[in-house]
>>> print(open('work19.txt').read())   # compact mmCIF, C-alpha atoms and all ligand atoms
# COMPACT_ATOMS: atom_id res chain seq x y z
CA MET L 1 72.34 -60.95 3.25
CA GLY L 2 72.42 -59.67 -0.34
CA SER L 3 74.71 -56.84 -1.28
CA ALA L 4 71.72 -54.63 -2.04
CA LYS L 5 70.49 -55.11 1.56
CA VAL L 6 73.95 -54.39 2.97
CA LEU L 7 74.16 -51.21 0.92
CA LYS L 8 70.68 -50.23 2.09
CA ARG L 9 71.64 -50.83 5.72
CA LEU L 10 74.90 -48.86 5.30
CA GLY L 11 72.87 -46.11 3.70
CA THR L 12 70.51 -46.07 6.70
CA LEU L 13 73.43 -45.99 9.14
CA ALA L 14 75.03 -43.13 7.20
CA GLY L 15 71.69 -41.36 7.24
CA VAL L 16 71.35 -41.77 11.01
CA ALA L 17 74.94 -40.53 11.52
CA LEU L 18 74.33 -37.56 9.25
CA PHE L 19 71.05 -36.84 11.01
CA GLY L 20 72.96 -36.87 14.29
CA ILE L 21 75.63 -34.46 13.06
CA ILE L 22 73.15 -32.07 11.55
CA PHE L 23 70.33 -32.18 14.08
CA LEU L 24 71.76 -33.15 17.47
CA PRO L 25 73.07 -29.66 18.29
CA ASP L 26 69.57 -28.32 17.59
CA ILE L 27 67.99 -30.99 19.76
CA SER L 28 70.24 -30.10 22.72
CA LEU L 29 69.39 -26.42 22.23
CA ALA L 30 65.72 -27.30 22.08
CA GLN L 31 66.05 -29.24 25.34
CA LYS L 32 67.71 -26.25 27.00
CA ALA L 33 64.93 -24.01 25.74
CA THR L 34 62.19 -26.24 27.15
CA ALA L 35 60.79 -24.28 30.07
CA THR L 36 60.33 -25.80 33.50
CA THR L 37 56.68 -25.87 34.45
CA HIS L 38 55.47 -25.46 38.02
CA THR L 39 51.99 -26.70 38.80
CA ILE L 40 50.85 -25.00 41.98
CA PHE L 41 47.64 -25.67 43.88
CA MET L 42 46.37 -22.69 45.85
CA THR L 43 43.44 -22.10 48.16
CA ALA L 44 41.61 -18.82 48.70
CA PHE L 45 40.49 -18.84 52.32
CA GLU L 46 39.58 -16.74 55.34
CA VAL L 47 41.24 -17.04 58.71
CA LYS L 48 39.29 -15.89 61.80
CA GLY L 49 40.20 -15.10 65.39
CA SER L 50 38.08 -14.03 68.33
CA THR L 51 38.24 -13.18 71.99
CA THR L 52 36.14 -11.30 74.55
CA SER L 53 36.47 -7.68 75.67
CA ASP L 54 37.03 -8.72 79.32
CA LYS L 55 40.26 -10.48 78.19
CA LEU L 56 41.40 -7.95 75.60
CA ALA L 57 39.98 -4.60 74.55
CA PRO L 58 38.97 -4.42 70.89
CA PRO L 59 41.51 -2.62 68.64
CA SER L 60 41.38 1.18 68.61
CA VAL L 61 41.86 1.15 64.81
CA ASN L 62 39.17 -0.69 62.87
CA PRO L 63 40.99 -3.42 60.88
CA GLY L 64 38.43 -2.86 58.13
CA ASP L 65 40.01 0.59 57.58
CA LEU L 66 43.45 -1.00 56.99
CA SER L 67 42.39 -3.45 54.27
CA LYS L 68 39.25 -4.57 52.47
CA GLY L 69 40.60 -8.06 53.21
CA TYR L 70 40.21 -7.58 56.98
CA GLU L 71 36.92 -7.72 58.79
CA PHE L 72 36.10 -6.63 62.32
CA LYS L 73 32.98 -7.62 64.22
CA PRO L 74 32.82 -5.56 67.44
CA PRO L 75 31.34 -6.74 70.74
CA GLY L 76 27.61 -7.24 70.31
CA LYS L 77 27.92 -8.06 66.60
CA ALA L 78 30.27 -11.04 66.60
CA ASP L 79 28.06 -13.28 68.72
CA LYS L 80 24.55 -12.38 69.91
CA SER L 81 24.72 -14.92 72.74
CA ASN L 82 27.98 -13.40 74.03
CA PRO L 83 27.93 -9.56 73.94
CA LYS L 84 31.62 -9.36 74.96
CA LYS L 85 32.89 -11.40 72.03
CA TRP L 86 34.65 -9.66 69.13
CA GLN L 87 36.15 -11.15 66.02
CA VAL L 88 38.65 -10.36 63.27
CA SER L 89 39.29 -12.12 59.98
CA SER L 90 41.55 -11.92 56.93
CA TYR L 91 41.35 -13.32 53.41
CA ARG L 92 44.45 -15.12 52.13
CA PHE L 93 45.90 -17.13 49.29
CA SER L 94 47.82 -20.20 50.40
CA PRO L 95 50.63 -20.57 49.55
CA GLY L 96 51.11 -16.80 49.53
CA PHE L 97 54.76 -16.84 48.41
CA VAL L 98 56.24 -18.89 45.59
CA VAL L 99 59.80 -18.83 44.18
CA VAL L 100 60.44 -19.72 40.52
CA ARG L 101 63.23 -19.17 38.01
CA GLN L 102 63.06 -16.69 35.10
CA GLY L 103 61.54 -18.33 32.03
CA ASN L 104 59.59 -20.90 34.04
CA VAL L 105 55.94 -21.54 33.31
CA VAL L 106 53.65 -21.12 36.30
CA LYS L 107 50.42 -23.11 36.15
CA LEU L 108 48.04 -22.23 38.95
CA THR L 109 45.01 -24.14 40.11
CA VAL L 110 43.10 -22.09 42.66
CA PHE L 111 40.18 -23.33 44.75
CA VAL L 112 37.96 -20.79 46.51
CA VAL L 113 36.84 -21.92 49.97
CA ASN L 114 35.86 -18.58 51.53
CA GLY L 115 34.32 -15.42 50.09
CA ASP L 116 31.54 -15.61 47.52
CA GLU L 117 33.45 -13.43 45.06
CA HIS L 118 37.02 -12.36 44.40
CA GLU L 119 38.28 -10.15 41.55
CA VAL L 120 41.75 -11.34 40.73
CA ARG L 121 44.51 -10.44 38.29
CA ILE L 122 48.24 -11.12 38.00
CA THR L 123 50.78 -8.42 37.15
CA ASP L 124 54.49 -8.63 36.26
CA PRO L 125 57.32 -6.70 38.01
CA ASP L 126 56.52 -3.64 35.83
CA GLY L 127 52.84 -3.73 36.78
CA ARG L 128 51.79 -5.09 33.37
CA GLU L 129 48.86 -7.51 33.44
CA VAL L 130 49.85 -11.10 32.57
CA VAL L 131 46.53 -12.59 33.68
CA ALA L 132 43.59 -10.22 33.11
CA MET L 133 41.10 -9.35 35.86
CA ARG L 134 38.55 -12.11 36.40
CA LYS L 135 35.91 -13.08 38.94
CA TRP L 136 36.39 -16.16 41.08
CA ASN L 137 33.51 -17.57 43.12
CA ARG L 138 33.37 -19.77 46.18
CA GLY L 139 33.32 -23.53 45.64
CA ARG L 140 34.87 -23.33 42.15
CA GLU L 141 38.33 -24.29 40.96
CA TYR L 142 40.12 -21.99 38.49
CA LYS L 143 43.18 -22.53 36.30
CA VAL L 144 45.43 -19.73 35.05
CA SER L 145 49.00 -19.70 33.83
CA PHE L 146 51.76 -17.28 32.87
CA VAL L 147 55.41 -17.29 31.84
CA ALA L 148 57.75 -15.69 34.38
CA LYS L 149 59.66 -13.70 31.75
CA LYS L 150 61.08 -11.01 34.04
CA PRO L 151 63.03 -11.37 37.27
CA GLY L 152 61.36 -9.72 40.25
CA SER L 153 57.94 -10.01 41.85
CA TYR L 154 54.78 -11.03 40.06
CA GLN L 155 51.69 -10.29 42.14
CA MET L 156 48.38 -12.07 42.16
CA ALA L 157 46.03 -9.58 43.79
CA CYS L 158 42.36 -9.65 44.73
CA SER L 159 40.88 -6.14 44.37
CA THR L 160 37.80 -7.12 46.42
CA HIS L 161 40.06 -7.66 49.44
CA ALA L 162 42.92 -5.25 48.64
CA PRO L 163 45.66 -4.74 49.48
CA THR L 164 46.28 -7.77 51.72
CA MET L 165 44.77 -10.66 49.74
CA GLN L 166 47.80 -11.24 47.55
CA ALA L 167 50.20 -13.94 46.49
CA THR L 168 53.77 -13.14 45.42
CA PHE L 169 55.75 -15.07 42.81
CA LEU L 170 59.40 -14.16 43.27
CA VAL L 171 61.22 -14.79 39.98
CA LEU L 172 64.97 -15.37 40.34
CA PRO L 173 67.16 -14.41 37.35
CA LYS L 174 68.28 -17.24 35.02
CU CU Y 1 39.42 -11.78 47.62
>>> encode(input="work19.txt", output="structure tokens")
Amino acid sequence: MGSAKVLKRLGTLAGVALFGIIFLPDISLAQKATATTHTIFMTAFEVKGSTTSDKLAPPSVNPGDLSKGYEFKPPGKADKSNPKKWQVSSYRFSPGFVVVRQGNVVKLTVFVVNGDEHEVRITDPDGREVVAMRKWNRGREYKVSFVAKKPGSYQMACSTHAPTMQATFLVLPK
């Protein structure tokens, strides 16, 4: 190896060492600052239950008055072939409760199985919109994301089926 090559190699080594001294602290800071990303698959669906009035009297309060997300079909309307049958249903997001850490990125993929239309938005713990109101239709998959900047509860709410069609993202402090 010629002396010029040796000098060049030493120069490279010195350069690498210098690079390390100058830039490594920044790199470790950058790694700390890299946010954890959670990719979460959700389903918008409707759960239904039914019985007959000879087994259990229908509720005295119409579930439809409690939430736009509940539906009640009284005896005679639930099933024409069985006049005693009554049915209730509720729209849900599943999972409906997610825990993340402050600063994490939440990437949601939501598939709509039930309900032709949902009007959905996501708000932060102060009620500020982090994902603006949008329409989601049955049979489609939607992707939204937000950064969980504040500790507390972020809410994904469907106004079509308010107040019960909701998902909560509980953000734990750093
Ligand atoms: Cu809905």
>>> residues_around(input="work19.txt", residues="region 131-136 of chain L", least_positions_apart="5", cutoff="12 Å", atoms="all atoms listed in the file", output="number ranges by chain")
L: 43-44, 106-124, 141-148, 154-160
>>> residues_around(input="work19.txt", residues="region 74-90 of chain L", least_positions_apart="3", cutoff="8 Å", atoms="only C-alpha atoms", output="list in words")
Glu46, Val47, Lys48, Gly49, Ser50, Thr51, Thr52, Ser53, Asp54, Pro58, Pro63, Gly69, Tyr70, Glu71 and Met165 of chain L
>>> write_last_selection(input="work19.txt", atoms="C-alpha atoms", output="PDB file, in the coordinates of the input")
ATOM      1  CA  GLU L  46      39.580 -16.740  55.340  1.00  0.00           C
ATOM      2  CA  VAL L  47      41.240 -17.040  58.710  1.00  0.00           C
ATOM      3  CA  LYS L  48      39.290 -15.890  61.800  1.00  0.00           C
ATOM      4  CA  GLY L  49      40.200 -15.100  65.390  1.00  0.00           C
ATOM      5  CA  SER L  50      38.080 -14.030  68.330  1.00  0.00           C
ATOM      6  CA  THR L  51      38.240 -13.180  71.990  1.00  0.00           C
ATOM      7  CA  THR L  52      36.140 -11.300  74.550  1.00  0.00           C
ATOM      8  CA  SER L  53      36.470  -7.680  75.670  1.00  0.00           C
ATOM      9  CA  ASP L  54      37.030  -8.720  79.320  1.00  0.00           C
ATOM     10  CA  PRO L  58      38.970  -4.420  70.890  1.00  0.00           C
ATOM     11  CA  PRO L  63      40.990  -3.420  60.880  1.00  0.00           C
ATOM     12  CA  GLY L  69      40.600  -8.060  53.210  1.00  0.00           C
ATOM     13  CA  TYR L  70      40.210  -7.580  56.980  1.00  0.00           C
ATOM     14  CA  GLU L  71      36.920  -7.720  58.790  1.00  0.00           C
ATOM     15  CA  MET L 165      44.770 -10.660  49.740  1.00  0.00           C
TER      16      MET L 165
END
>>> closest_residue(input="work19.txt", among="L:Gly139, L:Pro173, L:Arg92, L:Ala167", to="ligand CU 1 (chain Y)", atoms="all atoms listed in the file")
L:Arg92
>>> atom_distance(input="work19.txt", atom1="CA of Leu170 (chain L)", atom2="CA of Thr39 (chain L)")
15.2 Å
>>> closest_residue(input="work19.txt", among="L:Tyr91, L:Asn137, L:Lys149, L:Ile40", to="His161 (chain L)", atoms="only C-alpha atoms")
L:Tyr91
>>> closest_residue(input="work19.txt", among="L:Arg138, L:Gln102, L:Pro151, L:Val171", to="ligand CU 1 (chain Y)", atoms="only C-alpha atoms and all ligand atoms")
L:Arg138
>>> axis_aligned_box(input="work19.txt", around="region 170-173 of chain L", padding_each_side="8 Å", output="lines of an AutoDock Vina configuration file")
center_x = 63.3
center_y = -14.8
center_z = 40.3
size_x = 23.8
size_y = 17.2
size_z = 21.9
>>> closest_residue(input="work19.txt", among="L:Ser153, L:Thr34, L:Thr168, L:Ser67", to="ligand CU 1 (chain Y)", atoms="all atoms listed in the file")
L:Ser67
>>> closest_residue(input="work19.txt", among="L:Lys68, L:Arg140, L:Arg128, L:His38", to="Val105 (chain L)", atoms="all atoms listed in the file")
L:His38
>>> atom_distance(input="work19.txt", atom1="CA of Met42 (chain L)", atom2="CA of Gln166 (chain L)")
11.7 Å
>>> atom_distance(input="work19.txt", atom1="CA of Glu129 (chain L)", atom2="atom CU of ligand CU 1 (chain Y)")
17.6 Å
>>> closest_residue(input="work19.txt", among="L:Val130, L:Leu172, L:Leu56, L:Ala162", to="ligand CU 1 (chain Y)", atoms="all atoms listed in the file")
L:Ala162
>>> build_atoms(input="work19.txt", residues="region 87-100 of chain L", atoms="N, CA and C atoms", output="PDB file, in the frame of the given file")
ATOM      1  N   GLN L  87      35.493 -10.245  66.972  1.00  0.00           N
ATOM      2  CA  GLN L  87      36.150 -11.150  66.020  1.00  0.00           C
ATOM      3  C   GLN L  87      36.835 -10.384  64.887  1.00  0.00           C
ATOM      4  N   VAL L  88      37.970 -10.899  64.458  1.00  0.00           N
ATOM      5  CA  VAL L  88      38.650 -10.360  63.270  1.00  0.00           C
ATOM      6  C   VAL L  88      38.878 -11.484  62.274  1.00  0.00           C
ATOM      7  N   SER L  89      39.024 -11.100  60.999  1.00  0.00           N
ATOM      8  CA  SER L  89      39.290 -12.120  59.980  1.00  0.00           C
ATOM      9  C   SER L  89      40.091 -11.497  58.836  1.00  0.00           C
ATOM     10  N   SER L  90      40.724 -12.372  58.054  1.00  0.00           N
ATOM     11  CA  SER L  90      41.550 -11.920  56.930  1.00  0.00           C
ATOM     12  C   SER L  90      41.477 -12.940  55.801  1.00  0.00           C
ATOM     13  N   TYR L  91      41.336 -12.430  54.578  1.00  0.00           N
ATOM     14  CA  TYR L  91      41.350 -13.320  53.410  1.00  0.00           C
ATOM     15  C   TYR L  91      42.783 -13.520  52.927  1.00  0.00           C
ATOM     16  N   ARG L  92      43.091 -14.755  52.526  1.00  0.00           N
ATOM     17  CA  ARG L  92      44.450 -15.120  52.130  1.00  0.00           C
ATOM     18  C   ARG L  92      44.463 -16.029  50.907  1.00  0.00           C
ATOM     19  N   PHE L  93      45.589 -16.043  50.226  1.00  0.00           N
ATOM     20  CA  PHE L  93      45.900 -17.130  49.290  1.00  0.00           C
ATOM     21  C   PHE L  93      46.949 -18.007  49.970  1.00  0.00           C
ATOM     22  N   SER L  94      46.812 -19.295  49.845  1.00  0.00           N
ATOM     23  CA  SER L  94      47.820 -20.200  50.400  1.00  0.00           C
ATOM     24  C   SER L  94      48.213 -21.235  49.350  1.00  0.00           C
ATOM     25  N   PRO L  95      49.514 -21.344  49.008  1.00  0.00           N
ATOM     26  CA  PRO L  95      50.630 -20.570  49.550  1.00  0.00           C
ATOM     27  C   PRO L  95      50.583 -19.122  49.052  1.00  0.00           C
ATOM     28  N   GLY L  96      51.133 -18.217  49.881  1.00  0.00           N
ATOM     29  CA  GLY L  96      51.110 -16.800  49.530  1.00  0.00           C
ATOM     30  C   GLY L  96      52.428 -16.325  48.957  1.00  0.00           C
ATOM     31  N   PHE L  97      53.433 -17.221  48.920  1.00  0.00           N
ATOM     32  CA  PHE L  97      54.760 -16.840  48.410  1.00  0.00           C
ATOM     33  C   PHE L  97      55.368 -18.036  47.689  1.00  0.00           C
ATOM     34  N   VAL L  98      55.721 -17.804  46.421  1.00  0.00           N
ATOM     35  CA  VAL L  98      56.240 -18.890  45.590  1.00  0.00           C
ATOM     36  C   VAL L  98      57.507 -18.394  44.894  1.00  0.00           C
ATOM     37  N   VAL L  99      58.551 -19.207  44.857  1.00  0.00           N
ATOM     38  CA  VAL L  99      59.800 -18.830  44.180  1.00  0.00           C
ATOM     39  C   VAL L  99      59.968 -19.677  42.922  1.00  0.00           C
ATOM     40  N   VAL L 100      60.166 -19.016  41.781  1.00  0.00           N
ATOM     41  CA  VAL L 100      60.440 -19.720  40.520  1.00  0.00           C
ATOM     42  C   VAL L 100      61.647 -19.071  39.851  1.00  0.00           C
TER      43      VAL L 100
END
